file coords26.txt (compact mmCIF, C-alpha atoms)
# COMPACT_ATOMS: atom_id res chain seq x y z
CA MET A 1 15.86 11.22 7.65
CA ALA A 2 12.10 10.63 7.49
CA ARG A 3 10.37 7.47 8.70
CA ALA A 4 7.85 6.32 6.09
CA ASP A 5 5.49 3.53 5.04
CA PHE A 6 4.14 3.31 1.50
CA HIS A 7 1.40 0.66 1.76
CA THR A 8 -1.28 0.78 4.48
CA HIS A 9 -5.02 0.24 4.89
CA THR A 10 -7.92 1.59 6.93
CA ARG A 11 -11.54 0.45 7.43
CA PHE A 12 -12.22 1.86 3.97
CA SER A 13 -10.66 -1.39 2.72
CA PRO A 14 -13.10 -4.32 2.99
CA ASP A 15 -10.43 -6.32 4.84
CA GLY A 16 -9.18 -3.44 7.02
CA LEU A 17 -10.00 -2.82 10.68
CA THR A 18 -8.31 0.51 11.42
CA ARG A 19 -10.47 3.60 11.89
CA PRO A 20 -8.86 6.82 10.63
CA GLU A 21 -8.48 8.20 14.16
CA GLN A 22 -6.86 4.95 15.32
CA PHE A 23 -4.58 5.08 12.29
CA VAL A 24 -3.38 8.56 13.19
CA GLN A 25 -2.89 7.74 16.88
CA ARG A 26 -0.83 4.66 16.11
CA CYS A 27 1.36 6.39 13.53
CA VAL A 28 2.04 9.29 15.89
CA ALA A 29 2.95 6.86 18.66
CA ARG A 30 5.38 5.06 16.36
CA GLY A 31 7.02 8.26 15.15
CA MET A 32 5.94 8.03 11.53
CA ASP A 33 6.67 11.08 9.37
CA ILE A 34 5.18 10.06 6.01
CA VAL A 35 2.51 7.44 5.33
CA ALA A 36 0.83 6.42 2.10
CA VAL A 37 -2.74 5.25 2.71
CA THR A 38 -3.60 2.79 -0.05
CA ASP A 39 -7.02 1.30 0.56
CA HIS A 40 -8.50 -1.21 -1.82
CA GLY A 41 -10.54 0.49 -4.52
CA THR A 42 -10.78 3.99 -3.05
CA VAL A 43 -8.87 7.09 -1.96
CA ASP A 44 -11.55 7.92 0.65
CA GLY A 45 -9.59 6.36 3.52
CA ALA A 46 -6.48 8.32 2.60
CA ARG A 47 -8.45 11.55 2.56
CA ALA A 48 -10.01 10.74 5.95
CA VAL A 49 -6.57 10.14 7.48
CA ALA A 50 -5.10 13.24 5.82
CA ALA A 51 -7.83 15.37 7.42
CA LEU A 52 -6.68 14.26 10.89
CA ALA A 53 -2.96 13.61 10.62
CA PRO A 54 -0.14 15.83 11.89
CA PHE A 55 2.23 13.87 9.63
CA ALA A 56 2.43 13.87 5.82
CA VAL A 57 -0.10 11.64 4.09
CA ILE A 58 0.28 10.45 0.50
CA ILE A 59 -3.12 9.86 -1.08
CA GLY A 60 -3.03 6.41 -2.60
CA GLN A 61 -5.00 3.34 -3.57
CA GLU A 62 -4.44 -0.36 -4.12
CA VAL A 63 -5.94 -1.00 -7.53
CA ARG A 64 -7.24 -4.42 -8.59
CA THR A 65 -6.51 -4.88 -12.29
CA ARG A 66 -6.98 -7.84 -14.58
CA ASP A 67 -3.21 -8.38 -14.47
CA GLY A 68 -2.78 -8.10 -10.70
CA GLU A 69 -2.71 -5.40 -8.06
CA LEU A 70 -1.01 -2.02 -8.39
CA LEU A 71 -0.43 0.79 -5.93
CA GLY A 72 -1.13 4.30 -7.12
CA LEU A 73 0.55 7.03 -5.06
CA TYR A 74 -0.17 10.76 -5.26
CA LEU A 75 -3.67 10.29 -6.63
CA GLU A 76 -6.38 12.90 -7.02
CA GLU A 77 -9.25 10.44 -7.48
CA SER A 78 -9.97 6.73 -7.27
CA ILE A 79 -9.08 4.33 -10.09
CA PRO A 80 -11.83 1.82 -11.00
CA LYS A 81 -11.13 -1.88 -10.60
CA GLY A 82 -11.20 -4.33 -13.47
CA LEU A 83 -9.06 -2.35 -15.89
CA SER A 84 -6.07 -3.88 -17.61
CA GLY A 85 -2.82 -3.27 -15.80
CA VAL A 86 -1.66 -1.00 -18.61
CA GLU A 87 -4.79 1.16 -18.54
CA ALA A 88 -4.72 1.44 -14.74
CA ALA A 89 -1.05 2.47 -14.81
CA GLN A 90 -1.78 5.04 -17.51
CA ARG A 91 -4.62 6.50 -15.43
CA ILE A 92 -2.35 6.75 -12.40
CA HIS A 93 0.30 8.54 -14.46
CA ALA A 94 -2.35 10.83 -15.95
CA GLN A 95 -3.02 12.09 -12.41
CA GLY A 96 0.69 12.75 -11.90
CA GLY A 97 0.98 9.69 -9.68
CA LEU A 98 3.46 6.86 -9.26
CA VAL A 99 2.84 3.21 -10.12
CA VAL A 100 4.22 0.72 -7.60
CA ALA A 101 4.06 -3.06 -7.95
CA PRO A 102 3.09 -4.34 -4.47
CA HIS A 103 4.15 -7.84 -3.35
CA PRO A 104 4.74 -8.66 -7.04
CA PHE A 105 5.55 -12.36 -6.54
CA ALA A 106 3.18 -13.07 -3.63
CA ARG A 107 1.30 -16.34 -3.43
CA LEU A 108 -2.40 -16.48 -2.62
CA ARG A 109 -2.77 -12.79 -3.50
CA PRO A 110 -3.62 -11.13 -6.85
CA ALA A 111 -0.03 -10.09 -7.55
CA LEU A 112 1.41 -9.15 -10.94
CA ARG A 113 4.03 -11.91 -10.92
CA ALA A 114 6.44 -12.29 -13.83
CA ARG A 115 3.83 -12.14 -16.57
CA GLY A 116 2.17 -8.99 -15.25
CA LEU A 117 5.52 -7.29 -14.73
CA ARG A 118 6.41 -8.02 -18.35
CA THR A 119 3.07 -6.60 -19.48
CA LEU A 120 3.70 -3.39 -17.55
CA ALA A 121 7.36 -3.00 -18.51
CA GLY A 122 8.18 0.69 -18.66
CA LEU A 123 5.05 1.71 -16.74
CA VAL A 124 6.04 0.64 -13.21
CA ASP A 125 7.95 3.33 -11.30
CA ALA A 126 8.97 1.27 -8.26
CA ILE A 127 8.80 -2.25 -6.86
CA GLU A 128 7.66 -3.10 -3.35
CA GLY A 129 10.71 -5.02 -2.19
CA TYR A 130 9.67 -5.26 1.46
CA ASN A 131 6.11 -6.25 2.44
CA GLY A 132 5.16 -6.55 6.10
CA ARG A 133 2.61 -9.30 5.46
CA MET A 134 4.88 -11.50 3.34
CA LEU A 135 5.16 -14.91 4.98
CA TRP A 136 7.82 -16.18 2.55
CA PRO A 137 10.85 -13.82 2.66
CA GLY A 138 12.23 -15.35 -0.51
CA LEU A 139 9.42 -13.70 -2.46
CA ASP A 140 10.51 -10.29 -1.22
CA ARG A 141 14.06 -11.11 -2.28
CA GLN A 142 12.74 -12.07 -5.71
CA ALA A 143 11.02 -8.68 -5.92
CA ARG A 144 14.24 -6.86 -4.99
CA LEU A 145 16.18 -8.86 -7.58
CA HIS A 146 13.67 -7.87 -10.25
CA ALA A 147 13.95 -4.22 -9.18
CA ALA A 148 17.74 -4.36 -9.46
CA GLU A 149 17.55 -5.97 -12.88
CA GLN A 150 15.21 -3.22 -14.10
CA ASP A 151 17.05 -0.42 -12.23
CA LEU A 152 13.89 0.45 -10.31
CA PRO A 153 13.83 1.73 -6.71
CA CYS A 154 12.27 -0.37 -3.97
CA THR A 155 9.53 0.73 -1.58
CA LEU A 156 8.55 -0.75 1.77
CA GLY A 157 4.97 -1.29 2.88
CA SER A 158 3.78 -2.65 6.20
CA ASP A 159 0.58 -3.59 4.34
CA ALA A 160 -1.05 -2.92 7.70
CA HIS A 161 -4.73 -3.81 7.96
CA THR A 162 -4.92 -3.55 11.77
CA PRO A 163 -3.64 -0.87 14.19
CA PRO A 164 -0.80 -2.94 15.75
CA GLU A 165 0.75 -3.53 12.32
CA LEU A 166 1.28 0.18 11.73
CA GLY A 167 4.85 1.23 12.40
CA ARG A 168 6.21 -2.31 12.81
CA SER A 169 7.92 -2.05 9.43
CA TYR A 170 9.19 1.23 8.03
CA VAL A 171 11.77 2.81 5.77
CA GLU A 172 14.10 5.71 6.59
CA LEU A 173 14.90 7.98 3.68
CA PRO A 174 15.85 11.60 2.96
CA ASP A 175 13.09 14.18 2.98
CA PHE A 176 11.45 14.58 -0.41
CA ASP A 177 8.83 16.72 -2.09
CA GLY A 178 6.63 15.00 -4.63
CA PRO A 179 6.80 11.89 -6.82
CA ALA A 180 10.08 12.54 -8.64
CA GLU A 181 12.00 13.31 -5.45
CA LEU A 182 10.50 10.25 -3.76
CA LEU A 183 11.96 7.98 -6.44
CA GLN A 184 15.38 9.53 -5.87
CA ALA A 185 15.09 9.35 -2.08
CA LEU A 186 14.24 5.63 -2.23
CA ARG A 187 17.67 4.94 -3.70
CA GLN A 188 19.21 6.19 -0.44
CA ALA A 189 16.76 4.42 1.86
CA ARG A 190 17.35 2.18 4.86
CA TYR A 191 14.73 -0.53 5.29
CA HIS A 192 13.45 -1.90 8.60
CA LEU A 193 11.19 -4.91 8.10
CA ALA A 194 9.69 -6.54 11.20
CA PRO A 195 9.45 -10.34 11.45
CA PRO A 196 6.22 -11.76 9.97
CA ALA A 197 3.25 -11.66 12.33
CA PRO A 198 0.76 -14.14 10.84
CA TRP A 199 -1.56 -13.91 13.85
CA TRP A 200 -2.89 -10.59 12.51
CA LEU A 201 -3.95 -12.07 9.16
CA PRO A 202 -7.20 -13.76 10.34
CA LEU A 203 -8.49 -10.40 11.55
CA SER A 204 -8.88 -9.39 7.92
CA GLY A 205 -11.48 -12.15 7.67
CA LEU A 206 -13.42 -10.55 10.51
CA ALA A 207 -13.28 -7.23 8.68
CA LEU A 208 -14.62 -8.84 5.52
CA ALA A 209 -17.50 -10.39 7.47
CA ALA A 210 -18.38 -7.02 9.01
CA TRP A 211 -18.22 -5.42 5.56
CA ALA A 212 -20.57 -8.06 4.18
CA LEU A 213 -23.02 -7.28 7.00
CA GLY A 214 -23.04 -3.63 5.95
CA GLN A 215 -20.71 -2.22 8.61
CA ARG A 216 -18.93 0.09 6.20
CA PRO A 217 -17.40 3.51 6.73
CA ARG A 218 -18.72 6.59 4.99
CA ALA A 219 -16.66 9.08 3.09
CA ALA A 220 -17.05 12.74 4.01
CA GLY A 221 -20.32 14.05 2.66
CA GLN A 222 -21.88 10.61 2.10
CA THR A 223 -25.29 9.84 3.58
CA GLY A 224 -25.72 6.29 2.31
CA ARG A 225 -23.72 3.10 2.58
CA ARG A 226 -20.57 2.68 0.54
CA GLY A 227 -20.19 -0.06 -2.00
CA PRO A 228 -17.13 -2.33 -2.09

call {"tool": "encode", "arguments": {"input": "coords26.txt", "output": "structure tokens"}}
result
Amino acid sequence: MARADFHTHTRFSPDGLTRPEQFVQRCVARGMDIVAVTDHGTVDGARAVAALAPFAVIIGQEVRTRDGELLGLYLEESIPKGLSGVEAAQRIHAQGGLVVAPHPFARLRPALRARGLRTLAGLVDAIEGYNGRMLWPGLDRQARLHAAEQDLPCTLGSDAHTPPELGRSYVELPDFDGPAELLQALRQARYHLAPPAPWWLPLSGLALAAWALGQRPRAAGQTGRRGP
């Protein structure tokens, strides 16, 4: 069985604090086998981690759409923000990727919620049924209920934005190779969700402040500052 996490962030997210080298060190220390790096608006963080990691890295992105946020897994290139949910999902699928609905019923976050899920019916491949930053467990249960009703597999994401969050929550599932096998493996998964740790949430505010002051990471080959 492989230990995996399908929703994580690095400093390439405006609200993330984890440098790629810290990310790798923490995941190795926690025995992670497979990690999807899903920074806001870019695949650059995933590529930076993949260049360093001894474990498997799924190139991903958290995509802000007009209908709510989506996760794209197995991406080749970044998806622009501001698209409709349908267009963003179609672009993810066009790259051979998977569309995951993260924290679909979350409050205070740009989640899809019931309306967005209806809009994307037939385009979502999996539902995030376990989110490490969810402060109201009932909303995760609502996500799992929706997944069961639609016969969709559930993913788990620590949604880690800081190093200590990595590896707190994880899923154990059979080894898989590629998107189709991942969807099958998720149906045999065992989920390990850590208790909420709200004290880490304010650190994302510090990351946003640093980002606003221009303290932004550079993708490989870049010589100027990155935009948000």

call {"tool": "atom_distance", "arguments": {"input": "coords26.txt", "atom1": "CA of Ala51 (chain A)", "atom2": "CA of Thr38 (chain A)"}}
result
15.2 Å

call {"tool": "atom_distance", "arguments": {"input": "coords26.txt", "atom1": "CA of Phe23 (chain A)", "atom2": "CA of Val35 (chain A)"}}
result
10.2 Å

call {"tool": "atom_distance", "arguments": {"input": "coords26.txt", "atom1": "CA of Met32 (chain A)", "atom2": "CA of Glu62 (chain A)"}}
result
20.6 Å

call {"tool": "closest_residue", "arguments": {"input": "coords26.txt", "among": "A:Thr42, A:Thr155, A:Thr119, A:Gln188", "to": "Met1 (chain A)", "atoms": "all atoms listed in the file"}}
result
A:Gln188

call {"tool": "closest_residue", "arguments": {"input": "coords26.txt", "among": "A:Pro104, A:Gly85, A:Pro80, A:Glu181", "to": "Ala143 (chain A)", "atoms": "all atoms listed in the file"}}
result
A:Pro104

call {"tool": "residues_near_point", "arguments": {"input": "coords26.txt", "point": "(-15.9, -5.7, 6.4)", "cutoff": "12 Å", "atoms": "all atoms listed in the file", "output": "CSV table (one decimal) with C-alpha atoms, keeping the file's coordinate frame"}}
result
chain,number,residue,atom,x,y,z
A,10,THR,CA,-7.9,1.6,6.9
A,11,ARG,CA,-11.5,0.4,7.4
A,12,PHE,CA,-12.2,1.9,4.0
A,13,SER,CA,-10.7,-1.4,2.7
A,14,PRO,CA,-13.1,-4.3,3.0
A,15,ASP,CA,-10.4,-6.3,4.8
A,16,GLY,CA,-9.2,-3.4,7.0
A,17,LEU,CA,-10.0,-2.8,10.7
A,18,THR,CA,-8.3,0.5,11.4
A,40,HIS,CA,-8.5,-1.2,-1.8
A,161,HIS,CA,-4.7,-3.8,8.0
A,203,LEU,CA,-8.5,-10.4,11.6
A,204,SER,CA,-8.9,-9.4,7.9
A,205,GLY,CA,-11.5,-12.2,7.7
A,206,LEU,CA,-13.4,-10.6,10.5
A,207,ALA,CA,-13.3,-7.2,8.7
A,208,LEU,CA,-14.6,-8.8,5.5
A,209,ALA,CA,-17.5,-10.4,7.5
A,210,ALA,CA,-18.4,-7.0,9.0
A,211,TRP,CA,-18.2,-5.4,5.6
A,212,ALA,CA,-20.6,-8.1,4.2
A,213,LEU,CA,-23.0,-7.3,7.0
A,214,GLY,CA,-23.0,-3.6,6.0
A,215,GLN,CA,-20.7,-2.2,8.6
A,216,ARG,CA,-18.9,0.1,6.2
A,217,PRO,CA,-17.4,3.5,6.7
A,226,ARG,CA,-20.6,2.7,0.5
A,227,GLY,CA,-20.2,-0.1,-2.0
A,228,PRO,CA,-17.1,-2.3,-2.1

call {"tool": "residues_around", "arguments": {"input": "coords26.txt", "residues": "Pro195 (chain A)", "least_positions_apart": "6", "cutoff": "12 Å", "atoms": "all atoms listed in the file", "output": "list of chain:residue names"}}
result
A:Tyr130, A:Asn131, A:Gly132, A:Arg133, A:Met134, A:Leu135, A:Trp136, A:Pro137, A:Ser158, A:Glu165, A:Arg168, A:Ser169

call {"tool": "closest_residue", "arguments": {"input": "coords26.txt", "among": "A:Ala88, A:Leu98, A:Ala4, A:Val28", "to": "Pro179 (chain A)", "atoms": "only C-alpha atoms"}}
result
A:Leu98

call {"tool": "residues_around", "arguments": {"input": "coords26.txt", "residues": "Pro153 (chain A)", "least_positions_apart": "2", "cutoff": "12 Å", "atoms": "all atoms listed in the file", "output": "MDAnalysis selection string"}}
result
chainID A and resid 98:101 124:130 143:151 155:156 180:189

call {"tool": "write_last_selection", "arguments": {"input": "coords26.txt", "atoms": "C-alpha atoms", "output": "mmCIF file, in the frame of the given file"}}
result
data_model
loop_
_atom_site.group_PDB
_atom_site.id
_atom_site.type_symbol
_atom_site.label_atom_id
_atom_site.label_comp_id
_atom_site.auth_asym_id
_atom_site.auth_seq_id
_atom_site.Cartn_x
_atom_site.Cartn_y
_atom_site.Cartn_z
ATOM 1 C CA LEU A 98 3.460 6.860 -9.260
ATOM 2 C CA VAL A 99 2.840 3.210 -10.120
ATOM 3 C CA VAL A 100 4.220 0.720 -7.600
ATOM 4 C CA ALA A 101 4.060 -3.060 -7.950
ATOM 5 C CA VAL A 124 6.040 0.640 -13.210
ATOM 6 C CA ASP A 125 7.950 3.330 -11.300
ATOM 7 C CA ALA A 126 8.970 1.270 -8.260
ATOM 8 C CA ILE A 127 8.800 -2.250 -6.860
ATOM 9 C CA GLU A 128 7.660 -3.100 -3.350
ATOM 10 C CA GLY A 129 10.710 -5.020 -2.190
ATOM 11 C CA TYR A 130 9.670 -5.260 1.460
ATOM 12 C CA ALA A 143 11.020 -8.680 -5.920
ATOM 13 C CA ARG A 144 14.240 -6.860 -4.990
ATOM 14 C CA LEU A 145 16.180 -8.860 -7.580
ATOM 15 C CA HIS A 146 13.670 -7.870 -10.250
ATOM 16 C CA ALA A 147 13.950 -4.220 -9.180
ATOM 17 C CA ALA A 148 17.740 -4.360 -9.460
ATOM 18 C CA GLU A 149 17.550 -5.970 -12.880
ATOM 19 C CA GLN A 150 15.210 -3.220 -14.100
ATOM 20 C CA ASP A 151 17.050 -0.420 -12.230
ATOM 21 C CA THR A 155 9.530 0.730 -1.580
ATOM 22 C CA LEU A 156 8.550 -0.750 1.770
ATOM 23 C CA ALA A 180 10.080 12.540 -8.640
ATOM 24 C CA GLU A 181 12.000 13.310 -5.450
ATOM 25 C CA LEU A 182 10.500 10.250 -3.760
ATOM 26 C CA LEU A 183 11.960 7.980 -6.440
ATOM 27 C CA GLN A 184 15.380 9.530 -5.870
ATOM 28 C CA ALA A 185 15.090 9.350 -2.080
ATOM 29 C CA LEU A 186 14.240 5.630 -2.230
ATOM 30 C CA ARG A 187 17.670 4.940 -3.700
ATOM 31 C CA GLN A 188 19.210 6.190 -0.440
ATOM 32 C CA ALA A 189 16.760 4.420 1.860
#

call {"tool": "axis_aligned_box", "arguments": {"input": "coords26.txt", "around": "region 80-97 of chain A", "padding_each_side": "4 Å", "output": "JSON"}}
result
{"center_x": -5.4, "center_y": 4.2, "center_z": -14.1, "size_x": 20.8, "size_y": 25.1, "size_z": 16.9}

call {"tool": "closest_residue", "arguments": {"input": "coords26.txt", "among": "A:Pro102, A:Cys27, A:Gln90, A:Val171", "to": "Gln61 (chain A)", "atoms": "all atoms listed in the file"}}
result
A:Pro102

call {"tool": "closest_residue", "arguments": {"input": "coords26.txt", "among": "A:Leu173, A:Leu139, A:Leu73, A:Ala48", "to": "His93 (chain A)", "atoms": "all atoms listed in the file"}}
result
A:Leu73

call {"tool": "closest_residue", "arguments": {"input": "coords26.txt", "among": "A:Leu166, A:Val37, A:Leu201, A:Leu83", "to": "Ala50 (chain A)", "atoms": "only C-alpha atoms"}}
result
A:Val37

call {"tool": "residues_around", "arguments": {"input": "coords26.txt", "residues": "Val63 (chain A)", "least_positions_apart": "4", "cutoff": "8 Å", "atoms": "only C-alpha atoms", "output": "list in words"}}
result
His40, Gly41, Glu69, Leu70, Leu71, Gly72, Ile79, Pro80, Lys81 and Ala88 of chain A

call {"tool": "write_last_selection", "arguments": {"input": "coords26.txt", "atoms": "C-alpha atoms", "output": "PDB file, in the frame of the given file"}}
result
ATOM      1  CA  HIS A  40      -8.500  -1.210  -1.820  1.00  0.00           C
ATOM      2  CA  GLY A  41     -10.540   0.490  -4.520  1.00  0.00           C
ATOM      3  CA  GLU A  69      -2.710  -5.400  -8.060  1.00  0.00           C
ATOM      4  CA  LEU A  70      -1.010  -2.020  -8.390  1.00  0.00           C
ATOM      5  CA  LEU A  71      -0.430   0.790  -5.930  1.00  0.00           C
ATOM      6  CA  GLY A  72      -1.130   4.300  -7.120  1.00  0.00           C
ATOM      7  CA  ILE A  79      -9.080   4.330 -10.090  1.00  0.00           C
ATOM      8  CA  PRO A  80     -11.830   1.820 -11.000  1.00  0.00           C
ATOM      9  CA  LYS A  81     -11.130  -1.880 -10.600  1.00  0.00           C
ATOM     10  CA  ALA A  88      -4.720   1.440 -14.740  1.00  0.00           C
TER      11      ALA A  88
END

call {"tool": "residues_near_point", "arguments": {"input": "coords26.txt", "point": "(0.5, 10.4, 1.1)", "cutoff": "7 Å", "atoms": "all atoms listed in the file", "output": "VMD selection string"}}
result
chain A and resid 34 to 37 56 to 60 74
